[in-house]
Amino acid sequence: MKKQRRKMLGTKKSKLFSGWFIIQLLTMHFVIAQQPANSEKPNILIIMADDLDSHQLSCYGGENIQTTHIDGLAKEGLKFNNMIASEAMCVPTRASLFTGLYPARHGAYQNHKPVKPNLKSVAHYLKDAGYRVGLTGKNHVTKPTSIFPFQIIPGFEEDCVASHDEYSLDSISKFVDNKADPFCLFVMSINPHIPWNVGDPTEFNANELKLPAHWVDTKQTREDFRNYLAEIRRLDNQVGDVMKMLKEKNLLENTIVIFLGEQGPQFPGGKWTLYDNGQKSSMIIRWPKEIKGNSQTDAIVQYEDILPTLIEIAGGKNVDSLDGKSFYQVLHNHKKQHRDFAFGIHNNIPEGPAYPIRSIRDKKYKLILNLTPENDYYIKYMMNLNDKNLAYTTWMEKAKTDKNAKFLTDRIYRHPAVELYDIQSDPDELINLAEEPKYKAKVSEMKSTLEEWMLQQGDTGISMDVPIKK
């Protein structure tokens, strides 16, 4: 009888154990089923233009050129409509991209001014998260290597004023082919930076081009613009070649591709100003596993926000000391809001005489403070008015007899202390609302927020725009 009871108890225990084991297996299967099929970290490839007027991209409404390959990214990804550079110059913008800091804090708040010592950059943060971080092409802001320890990959032209833009994907292909660790690769094109001497301008009829409303229409301007568009064509083809390479290596599915426009073009009212033709940029993100194609967002984002976003995507630790804020939730949960305001800083030296400017914007209004309005604004392309081959020279000549040309030319070099624009109804920023009584409260509110930001940044305004020590 006792043996029978023991046998029965053993059978019950065996059944109980079997049941428990089955439940555990089912639970494990359920947990595994809830995890992504491919849990490996995504690769990251960032393609950056150089002095791109993002309004010319056909996916952003441009009518002069069909940017097929960049448009393809937009059709398969998320297009940002309010991507704002905090300073419309190459070095400050790239330093902000790499460090996640605004220009006053990273130190390169004038063009070709070095960053402050002892900073960390994307190359540190993503390496800590297990990534290989490489860069090919334009090499602004890659020194000192202690701050920017990129693996430099040959392939794209490094010199933005080179007489050619020849490139090869051989070394880049080898870099991305290493399957041991995920990669983050910056492909830095030199297009469409001056001298606008590559590409085929005969693709475009200068007389039929649609010029921005804030430009003076002259023959030289149209010729320059035609050459500029030819370089945008070269940029678009480069994007196409890089995407083709990823496809051939079966890397498209697990690679986040980010296209960036940098800042605006070297035309009057663009680069080296805080008008939207200088500050407003483009960003398109293709990430098949997270982003629905052919989508767009009006969330306000700045270049400083890219680094913390990459850190979060890579599974790295949050860095509280950065100025940027991760916009991962805009990608992952389609969050519509990111920043309430975007800020801007411009210090003119070494591109021209000191002329400090600051700006703040939300989705409707933009406020610009010109800190030395008693002075005229000049930049290097405006310094030699005897050069008849400069577009601005032809603007000045036409302004002598044309009222509208005079208004548009004066807008470039004569600035009031305060400018306020409704950037929804007046995207070319031609109607200054600052002196209208009904906008007095808006000016005061935005000015106060801008000044608070300057204080937080250690931005001392006029005193920062001094010659760079060599």
# chains A, B, ... in the order shown; residues from 1 in each chain; ligands from 1

call {"tool": "select_by_dssp", "arguments": {"residues": "range 232-439 of chain A", "states": "helix (DSSP H, G or I)", "output": "PyMOL selection string"}}
result
chain A and resi 232-248+276-279+303-314+328-332+380-382+391-399+403-413+437-439

call {"tool": "residues_around", "arguments": {"residues": "Phe183 in chain A", "least_positions_apart": "3", "cutoff": "7 Å", "atoms": "only C-alpha atoms", "output": "count of residues only"}}
result
6

call {"tool": "atom_distance", "arguments": {"atom1": "CA of Lys388 in chain A", "atom2": "CA of Asp224 in chain A"}}
result
12.7 Å

call {"tool": "atom_distance", "arguments": {"atom1": "CA of Arg94 in chain A", "atom2": "CA of His140 in chain A"}}
result
7.5 Å

call {"tool": "closest_residue", "arguments": {"among": "A:Leu52, A:Leu310, A:Ile153, A:Ala299", "to": "Leu97 in chain A", "atoms": "only C-alpha atoms"}}
result
A:Leu310

call {"tool": "residues_around", "arguments": {"residues": "Lys244 in chain A", "least_positions_apart": "5", "cutoff": "12 Å", "atoms": "only C-alpha atoms", "output": "list in words"}}
result
His69, Gly72, Leu169, Ser173, Asn237, Gln238, Val239, Lys249, Asn250, Leu251 and Leu252 of chain A

call {"tool": "atom_distance", "arguments": {"atom1": "CA of Phe175 in chain A", "atom2": "CA of Ile152 in chain A"}}
result
10.2 Å

call {"tool": "closest_atom_pairs", "arguments": {"of": "range 398-446 of chain A", "to": "range 205-219 of chain A", "cutoff": "10 Å", "atoms": "only C-alpha atoms", "output": "Markdown table"}}
result
| residue | atom | partner | partner_atom | distance |
| --- | --- | --- | --- | --- |
| A:Lys398 | CA | A:Thr218 | CA | 8.0 |
| A:Ala399 | CA | A:Val216 | CA | 8.7 |
| A:Asp402 | CA | A:Val216 | CA | 9.8 |
| A:Asn404 | CA | A:Val216 | CA | 8.1 |
| A:Ala405 | CA | A:Val216 | CA | 5.6 |
| A:Lys406 | CA | A:Val216 | CA | 8.8 |
| A:Phe407 | CA | A:Val216 | CA | 9.5 |
| A:Leu408 | CA | A:His214 | CA | 6.3 |
| A:Thr409 | CA | A:Val216 | CA | 7.5 |
| A:Arg411 | CA | A:His214 | CA | 9.0 |
| A:Ile412 | CA | A:His214 | CA | 9.6 |
| A:Pro427 | CA | A:Ala213 | CA | 9.5 |
| A:Asp428 | CA | A:His214 | CA | 6.1 |
| A:Glu429 | CA | A:His214 | CA | 8.1 |
| A:Leu430 | CA | A:His214 | CA | 7.3 |

call {"tool": "select_by_dssp", "arguments": {"residues": "range 233-348 of chain A", "states": "strand (DSSP E)", "output": "list in words"}}
result
Thr255, Ile256, Val257, Ile258, Phe259, Leu260, Lys280, Ser281, Ser282, Met283, Ile284, Ile285, Arg286, Ser295, Gln296, Thr297, Asp298, Ala299, Ile300, Val301, Gln302, Ala342, Phe343, Gly344, Ile345 and His346 of chain A

call {"tool": "write_last_selection", "arguments": {"atoms": "N, CA and C atoms", "output": "compact mmCIF listing (two decimals), in the first residue's frame"}}
result
# COMPACT_ATOMS: atom_id res chain seq x y z
N THR A 255 19.78 49.43 -41.85
CA THR A 255 20.58 50.65 -41.81
C THR A 255 19.67 51.87 -41.80
N ILE A 256 19.85 52.71 -40.80
CA ILE A 256 19.15 53.99 -40.75
C ILE A 256 19.91 54.96 -41.65
N VAL A 257 19.24 55.52 -42.63
CA VAL A 257 19.87 56.49 -43.52
C VAL A 257 19.30 57.87 -43.22
N ILE A 258 20.18 58.82 -42.93
CA ILE A 258 19.78 60.19 -42.60
C ILE A 258 20.40 61.13 -43.63
N PHE A 259 19.56 61.91 -44.28
CA PHE A 259 20.06 62.93 -45.20
C PHE A 259 19.93 64.29 -44.53
N LEU A 260 21.00 65.11 -44.60
CA LEU A 260 21.03 66.43 -43.99
C LEU A 260 21.46 67.48 -45.01
N LYS A 280 17.24 77.55 -42.26
CA LYS A 280 16.33 76.42 -42.41
C LYS A 280 16.95 75.36 -43.29
N SER A 281 16.98 74.14 -42.80
CA SER A 281 17.67 73.05 -43.46
C SER A 281 16.68 71.94 -43.79
N SER A 282 17.22 70.80 -44.16
CA SER A 282 16.40 69.63 -44.46
C SER A 282 16.94 68.44 -43.68
N MET A 283 16.05 67.53 -43.34
CA MET A 283 16.45 66.24 -42.77
C MET A 283 15.41 65.21 -43.19
N ILE A 284 15.90 64.11 -43.73
CA ILE A 284 15.05 62.99 -44.11
C ILE A 284 15.65 61.74 -43.47
N ILE A 285 14.82 60.96 -42.81
CA ILE A 285 15.30 59.74 -42.14
C ILE A 285 14.55 58.53 -42.68
N ARG A 286 15.32 57.60 -43.21
CA ARG A 286 14.77 56.33 -43.70
C ARG A 286 15.14 55.23 -42.71
N SER A 295 6.14 59.96 -45.08
CA SER A 295 5.56 60.70 -43.96
C SER A 295 6.37 61.96 -43.71
N GLN A 296 5.82 62.87 -42.96
CA GLN A 296 6.50 64.13 -42.64
C GLN A 296 6.08 64.62 -41.28
N THR A 297 6.90 65.50 -40.71
CA THR A 297 6.60 66.07 -39.40
C THR A 297 6.95 67.55 -39.37
N ASP A 298 6.17 68.32 -38.62
CA ASP A 298 6.45 69.74 -38.41
C ASP A 298 7.17 69.99 -37.10
N ALA A 299 7.56 68.92 -36.40
CA ALA A 299 8.28 69.08 -35.13
C ALA A 299 9.55 69.90 -35.36
N ILE A 300 9.81 70.85 -34.47
CA ILE A 300 11.01 71.68 -34.56
C ILE A 300 12.21 70.89 -34.02
N VAL A 301 13.23 70.77 -34.86
CA VAL A 301 14.43 70.01 -34.50
C VAL A 301 15.66 70.83 -34.90
N GLN A 302 16.72 70.73 -34.12
CA GLN A 302 17.98 71.40 -34.46
C GLN A 302 19.11 70.37 -34.57
N ALA A 342 13.38 77.15 -31.69
CA ALA A 342 14.72 76.92 -32.23
C ALA A 342 15.48 78.23 -32.13
N PHE A 343 16.77 78.15 -31.81
CA PHE A 343 17.57 79.35 -31.58
C PHE A 343 18.66 79.48 -32.65
N GLY A 344 19.12 80.73 -32.84
CA GLY A 344 20.16 80.98 -33.82
C GLY A 344 21.18 81.97 -33.31
N ILE A 345 22.42 81.79 -33.75
CA ILE A 345 23.52 82.69 -33.39
C ILE A 345 24.38 82.91 -34.63
N HIS A 346 24.78 84.15 -34.86
CA HIS A 346 25.73 84.42 -35.95
C HIS A 346 26.76 85.43 -35.48

call {"tool": "residues_around", "arguments": {"residues": "Ile379 in chain A", "least_positions_apart": "4", "cutoff": "8 Å", "atoms": "only C-alpha atoms", "output": "list in words"}}
result
Trp272, Asn348, Glu351, Gly352, Pro353 and Met383 of chain A
